[in-house]
Amino acid sequence: MSVAKSQTIRVALIGAGPRGTSVLERLLANWAAGSPPGTTLHLDVVDPFPAGSGHVWQPEQSRLYLMNTQSFYPTLIPEDPRLAPPLAGGSFDQWREARRRDGAGLNDAEKAELATLESNNFPSRALYGRYLRQTLAGLLERLPDGVEVTFHETTAVAARPFVNSTANSAGDGFDVELANGLTLTVGSVVLALGHIESRLNPEQRSFKRAADEQGLLYFPPAPPADVDWQSVPDNEPVLVRGMGLNFFDVMGQLTEGRGGKFVDAGAPGAGVLEYRASGREPKIIAASRRGTPYRAKAGLDAYYPGSITMRYLTEDAVDRFRAAGIQPGFDHDLWPLLHRDAFWAYYSTLARSQPTAIKDPAQFLADLEDALQPHAHTTTHWESSVGDLVEKHVVSSRRLNLRGLAAPLAGRTFASRRELDAAITAYLDDDARRSALGEADPVKMAIGALHTGRAILKSVVADGGITDESWLSGLRGWFESFVEGLASGAPALRSEQLAALARAGVVSFVGPDPKFSVDRAAKVFRAVSPWVHDAPAEAPTLIEAMSPANRVGMNVSPLLEQLMADGLVRTKIMMGGEGAPVQTTGLDVEPHPYRPLAANGSVTRNLYVLGLQLSAVQWGTAIAAEARPRTGPAYASGQRTLRDADEIARSILAR
């Protein structure tokens, strides 16, 4: 059937951060590769924040906020010969090298950062935001014929479907209502919402209410760049709950952000810092379930250690499950393979870097290789065999305790918080030292194997690759928290800085498994650890050092709430142990491309989902896309988001 000459394909992209911009880029690339004659493409991009950088990556934010990946990692532009070629742009690292030479479109602060930023350094989020905006600008300068893009710096509050629209050839469309009163009539809607505000849980609501009533300060979960940190009083104690990545953002704003300075305490580059206070710092009292921050990232020249070759959890091993018609279980099938890889990475590195710790290293590795051989459905407890072998050959101080790495204070009690502070400072110094050793450190290489295994697991578990119960109790139940504490940490510089702050008395700690409360009579928040025999920590200010919960059932979004109320989308329900239904964090969708299921189980046509709201069918959705590595393997999960964006674009354009 011929296409009417006046036909316009209209698309609303809701969210203009990296994921929304990826869909825009893929729409342009696929359109340029061959558009139907006589048609035009109109893209309405809706986001209250400037497009490209969106909310999280605004170039105007503090330069103290660092990315959690090195310069060589992130990209907005795919490098996949199977996809339509991009019209402009490249990876962040390619942009970094080009802007370092010419400085085009950069301010003085950005030029100064680029002057010393190398491929394996951690850039500021502000600089990545500049890359995103410049990359989008480059795409807009090369718009193909027949394409128009309109930006709306406002919020979408509703998307209501109607039938027999002329908005696109599929027939169905949406009226997208904006907060500024405008209504967009489009044929397709893409939800690339990213991080959105979330309702507080009952405890958080009680703390907020107590703060309002008692004149205390309570900072609920929020993106760090959204918070007015200057409202935290100077010199007063402040409780900070959470010691993940957001904690270091809070720490930086309340120390360096107040005029303090970190200087080398010993030889330059030795990793031991001294903090010189400005006098304006609050007294930070930090708490988390583990009692310690995440372990720092190792100093590597690639995202995955070059010395690590996965031997057990491999893409071939995963393919064998698929070929045999087996839906693997996480605890039964996948973790035992990855566990073996972590063992081998640790002990092979130990044999290479500290051979005196092993009696007859060559024989030990040969015996270990034999003990680690996986035998499908065997009843042999291979961990016991490996344990006996390790006990025979390896000095006790160098034996791997994998679970212990993620909980360094487990099983320990402390007579005072001063004693606890000393123990955590020693842990931070040791962890930073290990990070500096990079591929020579056995602990960091065991973690490197776990980190590499995540790239494989992401593809295995996606789209129902494991059972609901396995997803809930294994992958999300224990492994996610375990591996994040080991492999998702901040740059080692942050551990060095935190140790310096602890030595300077600016930061102290509460201890593991803290319990928080409000003393209304004393008008303070309190935190106490059952493992620390000291008086409770008290402060008139409590900061939640975490992002809003990524749970679609708790998110505060007028658009999501309307779509759910109208039955156009629903939260995914999984069946847990003994058949109990469990509400998951993400939307229920049909792959591929990802389109939401309506309340009645039908697919909502011409509505697409990308990114964080896919957390019930994809694991590890926080990182958008990995540039193609210069060396080493390129895992399928690395550019998954970009391929998802391409699938959405091709579906919209009926390719």
# chains A, B, ... in the order shown; residues from 1 in each chain; ligands from 1

$ residues_around --residues "Glu578 in chain A" --least-positions-apart "4" --cutoff "12 Å" --atoms "only C-alpha atoms" --output "ChimeraX atom specification"
/A:468-469,473,574,582

$ write_last_selection --atoms "N, CA, C and O atoms" --output "tab-separated table (two decimals), in the first residue's frame"
chain	number	residue	atom	x	y	z
A	468	ASP	N	11.60	-17.09	38.48
A	468	ASP	CA	11.23	-15.99	39.36
A	468	ASP	C	11.84	-16.18	40.75
A	468	ASP	O	12.39	-15.24	41.33
A	469	GLU	N	11.70	-17.37	41.30
A	469	GLU	CA	12.21	-17.62	42.65
A	469	GLU	C	13.71	-17.41	42.72
A	469	GLU	O	14.25	-16.85	43.68
A	473	SER	N	15.23	-14.68	45.23
A	473	SER	CA	15.95	-15.13	46.42
A	473	SER	C	17.46	-15.19	46.22
A	473	SER	O	18.21	-15.00	47.18
A	574	MET	N	6.28	-11.36	40.41
A	574	MET	CA	6.97	-12.65	40.29
A	574	MET	C	6.46	-13.59	41.37
A	574	MET	O	5.96	-13.15	42.41
A	582	VAL	N	5.13	-11.72	44.53
A	582	VAL	CA	5.98	-10.65	45.02
A	582	VAL	C	5.98	-9.52	44.00
A	582	VAL	O	6.24	-9.74	42.81

$ select_by_dssp --residues "range 368-546 of chain A" --states "strand (DSSP E)" --output "list in words"
Val507, Ser508, Phe509, Lys515, Phe516, Ser517, Val518, Asp519, Val524, Phe525, Arg526, Ala527, Val528, Ala537, Glu538, Ala539, Thr541, Leu542, Ile543 and Glu544 of chain A

$ write_last_selection --atoms "N, CA, C and O atoms" --output "PDB file, in the first residue's frame"
ATOM      1  N   VAL A 507      35.299  12.688  60.505  1.00  0.00           N
ATOM      2  CA  VAL A 507      34.348  11.598  60.294  1.00  0.00           C
ATOM      3  C   VAL A 507      34.563  10.535  61.360  1.00  0.00           C
ATOM      4  O   VAL A 507      35.702  10.179  61.683  1.00  0.00           O
ATOM      5  N   SER A 508      33.478  10.028  61.905  1.00  0.00           N
ATOM      6  CA  SER A 508      33.509   8.847  62.754  1.00  0.00           C
ATOM      7  C   SER A 508      32.390   7.916  62.294  1.00  0.00           C
ATOM      8  O   SER A 508      31.626   8.250  61.381  1.00  0.00           O
ATOM      9  N   PHE A 509      32.279   6.757  62.930  1.00  0.00           N
ATOM     10  CA  PHE A 509      31.386   5.717  62.426  1.00  0.00           C
ATOM     11  C   PHE A 509      30.512   5.166  63.554  1.00  0.00           C
ATOM     12  O   PHE A 509      30.861   5.226  64.732  1.00  0.00           O
ATOM     13  N   LYS A 515      20.702   0.878  64.320  1.00  0.00           N
ATOM     14  CA  LYS A 515      19.285   1.152  64.544  1.00  0.00           C
ATOM     15  C   LYS A 515      19.134   2.658  64.777  1.00  0.00           C
ATOM     16  O   LYS A 515      19.833   3.243  65.609  1.00  0.00           O
ATOM     17  N   PHE A 516      18.198   3.276  64.047  1.00  0.00           N
ATOM     18  CA  PHE A 516      17.992   4.719  64.118  1.00  0.00           C
ATOM     19  C   PHE A 516      16.694   5.014  64.859  1.00  0.00           C
ATOM     20  O   PHE A 516      15.715   4.264  64.756  1.00  0.00           O
ATOM     21  N   SER A 517      16.682   6.119  65.571  1.00  0.00           N
ATOM     22  CA  SER A 517      15.486   6.543  66.295  1.00  0.00           C
ATOM     23  C   SER A 517      15.541   8.050  66.502  1.00  0.00           C
ATOM     24  O   SER A 517      16.532   8.704  66.158  1.00  0.00           O
ATOM     25  N   VAL A 518      14.465   8.589  67.058  1.00  0.00           N
ATOM     26  CA  VAL A 518      14.398  10.005  67.396  1.00  0.00           C
ATOM     27  C   VAL A 518      14.155  10.125  68.895  1.00  0.00           C
ATOM     28  O   VAL A 518      13.235   9.494  69.429  1.00  0.00           O
ATOM     29  N   ASP A 519      14.982  10.899  69.568  1.00  0.00           N
ATOM     30  CA  ASP A 519      14.755  11.225  70.973  1.00  0.00           C
ATOM     31  C   ASP A 519      14.088  12.593  71.001  1.00  0.00           C
ATOM     32  O   ASP A 519      14.740  13.629  70.848  1.00  0.00           O
ATOM     33  N   VAL A 524      17.062  15.084  69.197  1.00  0.00           N
ATOM     34  CA  VAL A 524      18.162  14.573  68.378  1.00  0.00           C
ATOM     35  C   VAL A 524      17.731  13.271  67.702  1.00  0.00           C
ATOM     36  O   VAL A 524      16.827  12.570  68.176  1.00  0.00           O
ATOM     37  N   PHE A 525      18.386  12.984  66.581  1.00  0.00           N
ATOM     38  CA  PHE A 525      18.343  11.648  66.003  1.00  0.00           C
ATOM     39  C   PHE A 525      19.414  10.808  66.705  1.00  0.00           C
ATOM     40  O   PHE A 525      20.461  11.323  67.108  1.00  0.00           O
ATOM     41  N   ARG A 526      19.156   9.517  66.825  1.00  0.00           N
ATOM     42  CA  ARG A 526      20.112   8.616  67.460  1.00  0.00           C
ATOM     43  C   ARG A 526      20.382   7.425  66.557  1.00  0.00           C
ATOM     44  O   ARG A 526      19.509   6.968  65.820  1.00  0.00           O
ATOM     45  N   ALA A 527      21.614   6.892  66.665  1.00  0.00           N
ATOM     46  CA  ALA A 527      21.986   5.663  65.961  1.00  0.00           C
ATOM     47  C   ALA A 527      22.876   4.847  66.878  1.00  0.00           C
ATOM     48  O   ALA A 527      23.781   5.393  67.529  1.00  0.00           O
ATOM     49  N   VAL A 528      22.615   3.549  66.921  1.00  0.00           N
ATOM     50  CA  VAL A 528      23.398   2.671  67.785  1.00  0.00           C
ATOM     51  C   VAL A 528      23.618   1.350  67.069  1.00  0.00           C
ATOM     52  O   VAL A 528      22.743   0.858  66.346  1.00  0.00           O
ATOM     53  N   ALA A 537      25.271   7.352  69.020  1.00  0.00           N
ATOM     54  CA  ALA A 537      25.637   8.568  68.290  1.00  0.00           C
ATOM     55  C   ALA A 537      24.396   9.445  68.184  1.00  0.00           C
ATOM     56  O   ALA A 537      23.296   8.949  67.919  1.00  0.00           O
ATOM     57  N   GLU A 538      24.565  10.749  68.395  1.00  0.00           N
ATOM     58  CA  GLU A 538      23.435  11.670  68.385  1.00  0.00           C
ATOM     59  C   GLU A 538      23.739  12.875  67.514  1.00  0.00           C
ATOM     60  O   GLU A 538      24.883  13.340  67.459  1.00  0.00           O
ATOM     61  N   ALA A 539      22.721  13.385  66.856  1.00  0.00           N
ATOM     62  CA  ALA A 539      22.885  14.577  66.022  1.00  0.00           C
ATOM     63  C   ALA A 539      21.518  15.189  65.750  1.00  0.00           C
ATOM     64  O   ALA A 539      20.514  14.461  65.645  1.00  0.00           O
ATOM     65  N   THR A 541      20.775  16.496  62.974  1.00  0.00           N
ATOM     66  CA  THR A 541      20.604  16.393  61.521  1.00  0.00           C
ATOM     67  C   THR A 541      20.813  14.952  61.090  1.00  0.00           C
ATOM     68  O   THR A 541      21.759  14.294  61.534  1.00  0.00           O
ATOM     69  N   LEU A 542      19.920  14.458  60.227  1.00  0.00           N
ATOM     70  CA  LEU A 542      20.057  13.118  59.644  1.00  0.00           C
ATOM     71  C   LEU A 542      19.959  13.235  58.132  1.00  0.00           C
ATOM     72  O   LEU A 542      18.981  13.777  57.606  1.00  0.00           O
ATOM     73  N   ILE A 543      20.978  12.722  57.443  1.00  0.00           N
ATOM     74  CA  ILE A 543      21.027  12.727  55.980  1.00  0.00           C
ATOM     75  C   ILE A 543      20.913  11.294  55.485  1.00  0.00           C
ATOM     76  O   ILE A 543      21.681  10.423  55.911  1.00  0.00           O
ATOM     77  N   GLU A 544      19.967  11.052  54.583  1.00  0.00           N
ATOM     78  CA  GLU A 544      19.866   9.751  53.916  1.00  0.00           C
ATOM     79  C   GLU A 544      20.766   9.794  52.681  1.00  0.00           C
ATOM     80  O   GLU A 544      20.425  10.432  51.683  1.00  0.00           O
TER      81      GLU A 544
END

$ atom_distance --atom1 "CA of Phe49 in chain A" --atom2 "CA of Gly129 in chain A"
11.8 Å

$ atom_distance --atom1 "CA of Asp234 in chain A" --atom2 "CA of Ala545 in chain A"
18.4 Å

$ atom_distance --atom1 "CA of Gln354 in chain A" --atom2 "CA of Ser119 in chain A"
29.3 Å

$ residues_around --residues "range 337-340 of chain A" --least-positions-apart "5" --cutoff "9 Å" --atoms "only C-alpha atoms" --output "list in words"
Met310, Arg311, Tyr312, Leu313, Thr314, Ala345, Leu372, Gln373, Pro374, Glu383, Leu402, Ala449, Leu450 and Gly453 of chain A

$ residues_around --residues "Leu66 in chain A" --least-positions-apart "2" --cutoff "8 Å" --atoms "only C-alpha atoms" --output "ChimeraX atom specification"
/A:63-64,68,122-125

$ write_last_selection --atoms "N, CA, C and O atoms" --output "mmCIF file, in the first residue's frame"
data_model
loop_
_atom_site.group_PDB
_atom_site.id
_atom_site.type_symbol
_atom_site.label_atom_id
_atom_site.label_comp_id
_atom_site.auth_asym_id
_atom_site.auth_seq_id
_atom_site.Cartn_x
_atom_site.Cartn_y
_atom_site.Cartn_z
ATOM 1 N N ARG A 63 31.859 20.092 40.601
ATOM 2 C CA ARG A 63 32.856 19.213 39.997
ATOM 3 C C ARG A 63 33.406 18.205 41.001
ATOM 4 O O ARG A 63 34.214 17.337 40.643
ATOM 5 N N LEU A 64 32.965 18.295 42.249
ATOM 6 C CA LEU A 64 33.369 17.298 43.243
ATOM 7 C C LEU A 64 32.633 15.978 43.036
ATOM 8 O O LEU A 64 33.063 14.943 43.549
ATOM 9 N N ASN A 68 31.391 7.059 38.478
ATOM 10 C CA ASN A 68 31.860 5.816 39.073
ATOM 11 C C ASN A 68 32.508 4.902 38.035
ATOM 12 O O ASN A 68 32.804 3.746 38.323
ATOM 13 N N PHE A 122 38.791 9.050 36.623
ATOM 14 C CA PHE A 122 37.354 9.160 36.834
ATOM 15 C C PHE A 122 36.932 10.611 36.611
ATOM 16 O O PHE A 122 37.304 11.486 37.400
ATOM 17 N N PRO A 123 36.159 10.900 35.572
ATOM 18 C CA PRO A 123 35.755 12.290 35.298
ATOM 19 C C PRO A 123 34.649 12.748 36.231
ATOM 20 O O PRO A 123 33.979 11.948 36.889
ATOM 21 N N SER A 124 34.448 14.045 36.269
ATOM 22 C CA SER A 124 33.308 14.588 37.008
ATOM 23 C C SER A 124 32.023 14.315 36.229
ATOM 24 O O SER A 124 32.034 14.185 34.998
ATOM 25 N N ARG A 125 30.930 14.257 36.954
ATOM 26 C CA ARG A 125 29.635 14.090 36.281
ATOM 27 C C ARG A 125 29.312 15.318 35.437
ATOM 28 O O ARG A 125 28.653 15.222 34.402
#

$ closest_residue --among "A:Leu83, A:Leu13, A:Ala371, A:Val232" --to "Thr150 in chain A" --atoms "only C-alpha atoms"
A:Leu13

$ closest_residue --among "A:Asp102, A:Glu236, A:Glu391, A:Glu60" --to "Tyr128 in chain A" --atoms "only C-alpha atoms"
A:Glu60

$ residues_around --residues "range 619-632 of chain A" --least-positions-apart "4" --cutoff "10 Å" --atoms "only C-alpha atoms" --output "MDAnalysis selection string"
chainID A and resid 18:19 22 68:69 71:80 90:94 194:195 301:309 454:455 457:463 471 475:476 480 550 610:615 637:643

$ select_by_dssp --residues "range 173-321 of chain A" --states "helix (DSSP H, G or I)" --output "JSON, numbers by chain"
{"A": [202, 203, 204, 205, 206, 207, 208, 209, 210, 211, 212, 213, 214, 224, 225, 226, 229, 230, 231, 245, 246, 247, 248, 249, 250, 251, 252, 253, 254, 256, 257, 258, 315, 316, 317, 318, 319, 320, 321]}

$ closest_residue --among "A:His381, A:Arg655, A:Ala499, A:Leu437" --to "Ala265 in chain A" --atoms "only C-alpha atoms"
A:Ala499

$ residues_around --residues "Asp646 in chain A" --least-positions-apart "2" --cutoff "9 Å" --atoms "only C-alpha atoms" --output "short mmCIF file (atom, residue, chain, number, x, y, z; two decimals) with C-alpha atoms, in the first residue's frame"
data_model
loop_
_atom_site.label_atom_id
_atom_site.label_comp_id
_atom_site.auth_asym_id
_atom_site.auth_seq_id
_atom_site.Cartn_x
_atom_site.Cartn_y
_atom_site.Cartn_z
CA SER A 22 20.05 7.32 22.71
CA VAL A 23 16.59 6.70 21.26
CA GLU A 25 20.18 9.15 18.06
CA ARG A 26 18.95 5.74 16.87
CA LEU A 27 15.83 7.24 15.29
CA ASN A 30 17.79 4.54 11.12
CA LEU A 83 23.34 -1.25 13.55
CA ALA A 84 22.64 1.76 11.36
CA PRO A 593 11.33 -4.06 21.96
CA THR A 641 20.85 -0.16 26.29
CA LEU A 642 21.97 1.11 22.88
CA ARG A 643 20.64 -2.04 21.19
CA ASP A 644 17.37 -1.65 23.10
CA ILE A 648 12.64 0.82 19.72
CA ALA A 649 13.65 3.10 16.85
CA ARG A 650 13.25 0.36 14.24
CA SER A 651 9.86 -0.63 15.64
#

$ residues_around --residues "Leu41 in chain A" --least-positions-apart "3" --cutoff "8 Å" --atoms "only C-alpha atoms" --output "number ranges by chain"
A: 8-11, 146-148

$ write_last_selection --atoms "N, CA and C atoms" --output "PDB file, in the first residue's frame"
ATOM      1  N   THR A   8       3.158  12.072   8.524  1.00  0.00           N
ATOM      2  CA  THR A   8       4.227  12.400   9.460  1.00  0.00           C
ATOM      3  C   THR A   8       4.217  11.379  10.588  1.00  0.00           C
ATOM      4  N   ILE A   9       5.375  10.792  10.836  1.00  0.00           N
ATOM      5  CA  ILE A   9       5.548   9.906  11.991  1.00  0.00           C
ATOM      6  C   ILE A   9       5.937  10.791  13.169  1.00  0.00           C
ATOM      7  N   ARG A  10       5.081  10.810  14.185  1.00  0.00           N
ATOM      8  CA  ARG A  10       5.330  11.670  15.353  1.00  0.00           C
ATOM      9  C   ARG A  10       5.625  10.806  16.571  1.00  0.00           C
ATOM     10  N   VAL A  11       6.684  11.181  17.276  1.00  0.00           N
ATOM     11  CA  VAL A  11       7.153  10.410  18.431  1.00  0.00           C
ATOM     12  C   VAL A  11       7.382  11.362  19.598  1.00  0.00           C
ATOM     13  N   GLY A 146      13.776  15.748   6.208  1.00  0.00           N
ATOM     14  CA  GLY A 146      12.468  15.254   6.615  1.00  0.00           C
ATOM     15  C   GLY A 146      12.311  15.045   8.107  1.00  0.00           C
ATOM     16  N   VAL A 147      13.307  15.469   8.916  1.00  0.00           N
ATOM     17  CA  VAL A 147      13.238  15.268  10.365  1.00  0.00           C
ATOM     18  C   VAL A 147      13.162  16.619  11.064  1.00  0.00           C
ATOM     19  N   GLU A 148      12.263  16.725  12.029  1.00  0.00           N
ATOM     20  CA  GLU A 148      12.150  17.923  12.853  1.00  0.00           C
ATOM     21  C   GLU A 148      12.136  17.487  14.318  1.00  0.00           C
TER      22      GLU A 148
END

$ closest_residue --among "A:Phe330, A:Arg551, A:Thr292, A:Pro581" --to "Ala426 in chain A" --atoms "only C-alpha atoms"
A:Thr292
